[in-house]
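See below for the structure under consideration.
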Amino acid sequence: MSDLFWLSDEQMARLEPFFPKSHGKPRVDDRRVLSGIIFINRNGLRWRDAPTEYGPHKTLYNRWKRWSEKGIFAQMLVGLAADHGETKTVMIDATYLKAHRTASSLGVKKGGVAA
């Protein structure tokens, strides 16, 4: 896949202050894992559909789950927004809605009569 997403050195340098300290066993490559998490979220993929270049899908999911529960990603967004220097309110919208293919027929009863 040539359209994989990779964080740059500059982007990693801005994110590293928000990383939690590693306890015991060192973490796998942060750039690879974070790039994979961003790729999955940007493309709306299931974890198991992650390209192999990002490593095992279970590693991506576990890091996302642990860091989400600890509020690491929220701290990253708040910190990056604060560093922006904007005096007005900065909003980040990560809304993504998906409707099931039968969602359009939910308002119609059997037999084609509208509710």
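Chain labels follow the order of the structure tokens: the first chain is A, the next B, and so on; residue numbering restarts at 1 in every chain, and ligands are counted from 1 in their shown order.
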
For A:Ser8, work out the shell of residues within 12 Å, counting only C-alpha atoms and skipping chain neighbours fewer than 2 positions away, then give it as a compact mmCIF listing (two decimals) with all heavy atoms, in the first residue's frame.
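Final output, saved to selection_27.txt:
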# COMPACT_ATOMS: atom_id res chain seq x y z
N PHE A 5 -0.11 6.15 6.08
CA PHE A 5 0.16 7.39 6.79
C PHE A 5 1.30 7.16 7.77
O PHE A 5 1.29 6.18 8.52
CB PHE A 5 -1.09 7.84 7.55
CG PHE A 5 -0.84 9.02 8.45
CD1 PHE A 5 -0.82 10.30 7.92
CD2 PHE A 5 -0.60 8.85 9.80
CE1 PHE A 5 -0.56 11.39 8.73
CE2 PHE A 5 -0.35 9.93 10.62
CZ PHE A 5 -0.33 11.20 10.08
N TRP A 6 2.29 8.06 7.77
CA TRP A 6 3.39 7.98 8.72
C TRP A 6 3.60 9.36 9.33
O TRP A 6 3.65 10.36 8.63
CB TRP A 6 4.68 7.53 8.03
CG TRP A 6 4.59 6.14 7.52
CD1 TRP A 6 4.39 5.75 6.23
CD2 TRP A 6 4.64 4.94 8.29
NE1 TRP A 6 4.33 4.39 6.15
CE2 TRP A 6 4.48 3.86 7.40
CE3 TRP A 6 4.82 4.67 9.63
CZ2 TRP A 6 4.48 2.53 7.82
CZ3 TRP A 6 4.83 3.35 10.05
CH2 TRP A 6 4.67 2.30 9.15
N GLU A 10 8.99 15.79 12.97
CA GLU A 10 8.48 17.00 13.64
C GLU A 10 7.20 16.70 14.42
O GLU A 10 7.04 17.14 15.56
CB GLU A 10 8.21 18.09 12.60
CG GLU A 10 7.68 19.38 13.21
CD GLU A 10 7.35 20.40 12.14
OE1 GLU A 10 8.05 20.46 11.12
OE2 GLU A 10 6.36 21.14 12.35
N GLN A 11 6.31 15.94 13.81
CA GLN A 11 5.06 15.58 14.49
C GLN A 11 5.33 14.71 15.72
O GLN A 11 4.73 14.90 16.77
CB GLN A 11 4.13 14.85 13.52
CG GLN A 11 3.58 15.74 12.44
CD GLN A 11 2.89 14.96 11.33
OE1 GLN A 11 3.29 13.84 11.00
NE2 GLN A 11 1.87 15.55 10.75
N MET A 12 6.25 13.77 15.60
CA MET A 12 6.60 12.90 16.73
C MET A 12 7.22 13.72 17.86
O MET A 12 6.93 13.48 19.03
CB MET A 12 7.57 11.80 16.30
CG MET A 12 6.91 10.68 15.52
SD MET A 12 5.64 9.81 16.45
CE MET A 12 6.57 9.02 17.73
N ALA A 13 8.04 14.70 17.51
CA ALA A 13 8.68 15.54 18.53
C ALA A 13 7.62 16.33 19.31
O ALA A 13 7.77 16.54 20.51
CB ALA A 13 9.68 16.48 17.88
N ARG A 14 6.56 16.75 18.63
CA ARG A 14 5.49 17.48 19.31
C ARG A 14 4.63 16.57 20.18
O ARG A 14 4.04 17.02 21.16
CB ARG A 14 4.61 18.20 18.29
CG ARG A 14 5.35 19.36 17.62
CD ARG A 14 4.47 20.15 16.71
NE ARG A 14 3.47 20.86 17.50
CZ ARG A 14 2.36 21.37 16.98
NH1 ARG A 14 2.11 21.25 15.71
NH2 ARG A 14 1.51 22.01 17.75
N LEU A 15 4.52 15.29 19.83
CA LEU A 15 3.68 14.35 20.58
C LEU A 15 4.41 13.68 21.74
O LEU A 15 3.78 13.32 22.74
CB LEU A 15 3.14 13.27 19.63
CG LEU A 15 2.15 13.72 18.57
CD1 LEU A 15 1.82 12.56 17.64
CD2 LEU A 15 0.90 14.29 19.20
N ASP A 30 6.85 3.65 18.79
CA ASP A 30 5.71 4.56 18.94
C ASP A 30 5.25 5.14 17.60
O ASP A 30 4.06 5.27 17.37
CB ASP A 30 6.06 5.70 19.89
CG ASP A 30 6.16 5.26 21.34
OD1 ASP A 30 5.37 4.37 21.73
OD2 ASP A 30 7.00 5.79 22.07
N ARG A 31 6.19 5.49 16.73
CA ARG A 31 5.82 6.07 15.43
C ARG A 31 4.98 5.09 14.63
O ARG A 31 3.95 5.45 14.06
CB ARG A 31 7.06 6.45 14.64
CG ARG A 31 6.74 7.03 13.25
CD ARG A 31 7.98 7.22 12.39
NE ARG A 31 9.07 7.85 13.10
CZ ARG A 31 9.26 9.16 13.17
NH1 ARG A 31 8.42 9.97 12.57
NH2 ARG A 31 10.28 9.66 13.83
N ARG A 32 5.40 3.85 14.59
CA ARG A 32 4.68 2.83 13.83
C ARG A 32 3.27 2.63 14.38
O ARG A 32 2.29 2.61 13.64
CB ARG A 32 5.45 1.51 13.85
CG ARG A 32 4.86 0.45 12.94
CD ARG A 32 5.53 -0.87 13.13
NE ARG A 32 4.99 -1.43 14.38
CZ ARG A 32 5.55 -2.41 15.04
NH1 ARG A 32 6.67 -2.95 14.62
NH2 ARG A 32 5.01 -2.88 16.13
N LEU A 34 1.41 4.62 16.51
CA LEU A 34 0.55 5.81 16.42
C LEU A 34 0.13 6.08 14.97
O LEU A 34 -1.01 6.47 14.72
CB LEU A 34 1.24 7.02 17.01
CG LEU A 34 1.36 7.02 18.52
CD1 LEU A 34 2.14 8.24 19.00
CD2 LEU A 34 0.00 6.99 19.17
N SER A 35 1.04 5.89 14.04
CA SER A 35 0.69 6.06 12.63
C SER A 35 -0.40 5.07 12.23
O SER A 35 -1.33 5.41 11.50
CB SER A 35 1.93 5.87 11.74
OG SER A 35 2.89 6.87 11.99

Can you pull out every residue within 10 Å of A:Thr59, counting only C-alpha atoms, but drop anything in the same chain fewer than 6 positions away, and send it as a list in words?
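Surrounding residues, per the criterion: Val28, Val33, Gly36, Ile37, Trp47 and Lys65 of chain A.
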
Who sits within 10 Å of A:Arg48, only C-alpha atoms, same chain under 4 positions skipped, as a list in words
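After dropping sequence-adjacent residues, the list is Ile40, Thr52, Pro56, His57, Lys58, Leu60 and Tyr61 of chain A.
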